[in-house]
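Trainee: Dropping a structure here in structure tokens format, bear with me for questions.
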Amino acid sequence: MKGVLALFLIFNIATVFAENKIIAIVNNSPITYQSIESILSSANSYKQKIDIVNQKINITLQIQKTKELNIGPSLKDVNLALMSIAKTNNISIEQLRSYPEFLSLKIEVLEKISILNLQKFITKDIKLSEAEVLKTSTIE
């Protein structure tokens with residue numbers, strides 16, 4: 001009986017470690033399997049999985065840049081976005097916070113607002129005339 005229990009424990013521990021493997025290190029920031037597991041599970045091919053990992057690396061680099069430039073989102077911005085998500089789903093913020101994946105959702109919101117802030121920062125000095133905007137939109 002002890003042998004079966006030990007085998008069971010070893011199997012469970014191995015599974016936990018396997019799920020939390022480091023896939024990439026981006027400027028000393030690890031990307032773990034667990035952080036992209038849900039997205040990877042929807043991928044159908046090896047190429048799609050590589051694209052997902054590359055996308056996560058790009059996001060990590062952009063988040064690092066927002067921290068370097070001190071243009072990350074404020075707590076107020078994140079909370080407003082979370083309240084908007086709750087309202088859109090017709091639930092209270094407390095119900096949203098009780099959602100099992102709330103931490104993942106909060107991290108995703110933080111990342112998206114950070115990337116938006118970076119995009120605004122990069123393009124803040126670009127001035128386009130209405131004609132240039134219309135010309136660009138008709139090309140696409």
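A note on labels: chains of the structure tokens are A, B, ... as shown, every chain counts residues from 1, and ligands are counted from 1 in their shown order.
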If you count only C-alpha atoms, which residues fall within 12 Å of A:Asn58, apart from same-chain ones fewer than 4 positions away, as a list of chain:residue names?
Mentor: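 Counting only the stated atoms, we get A:Ala24, A:Ile25, A:Val26, A:Asn27, A:Ile31, A:Asp51, A:Ile52, A:Val53, A:Asn54, A:Gln62, A:Ile63, A:Gln64, A:Lys65, A:Glu111, A:Ile115.
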Trainee: Neighbours of stretch 69-72 of chain A within 8 Å (only C-alpha atoms; same-chain residues fewer than 2 positions away dropped), as an NGL selection string?
Mentor: :A and (63 or 65-67 or 74 or 113-114 or 117-118)
Trainee: So that I can check the surroundings of A:Val78, please list as a list in words every protein, DNA and RNA residue that reaches within 8 Å of it, counting only C-alpha atoms and ignoring chain neighbours fewer than 4 positions away.
Mentor: Pro73, Ser74, Leu82, Lys106, Val109, Leu110 and Ile113 of chain A
Trainee: From a backbone DSSP assignment, name each residue in chain A labelled helix (DSSP H, G or I), as a ChimeraX atom specification.
Mentor: /A:2-19,33-40,46-69,75-88,93-97,102-123,130-139
Trainee: Just the residues within 10 Å of A:Met83, please, counting only C-alpha atoms, with nothing from its chain fewer than 4 positions along; format it as a list in words.
Mentor: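 The residues satisfying every condition are Asp77, Val78, Asn79, Lys87, Thr88, Asn89, Ile91, Ser92, Ile93, Glu94 and Leu96 of chain A.
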Trainee: Using atom CA of A:Ile85 and atom CA of A:Ile39 as the two end points, give the distance in Å to one decimal.
Mentor: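 Computing the Euclidean distance for atom CA of A:Ile85 and atom CA of A:Ile39 yields 20.1 Å.
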Trainee: Please indicate the distance in Å from atom CA of A:Tyr46 to atom CA of A:Asn28, rounded to one decimal place.
Mentor: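 Those two atoms sit 25.6 Å apart.
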Trainee: From stretch 24-73 of chain A, collect each residue whose DSSP state is strand (DSSP E or B) and return the set as a list in words.
Mentor: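 Answer for stretch 24-73 of chain A, restricted to strand (DSSP E or B): Ala24, Ile25, Val26, Ser29, Pro30, Ile31 and Thr32 of chain A.
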Trainee: Could you please determine the separation between atom CA of A:Gln55 and atom CA of A:Val133 in Å, to one decimal place?
Mentor: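 Separation of atom CA of A:Gln55 and atom CA of A:Val133: 28.0 Å.
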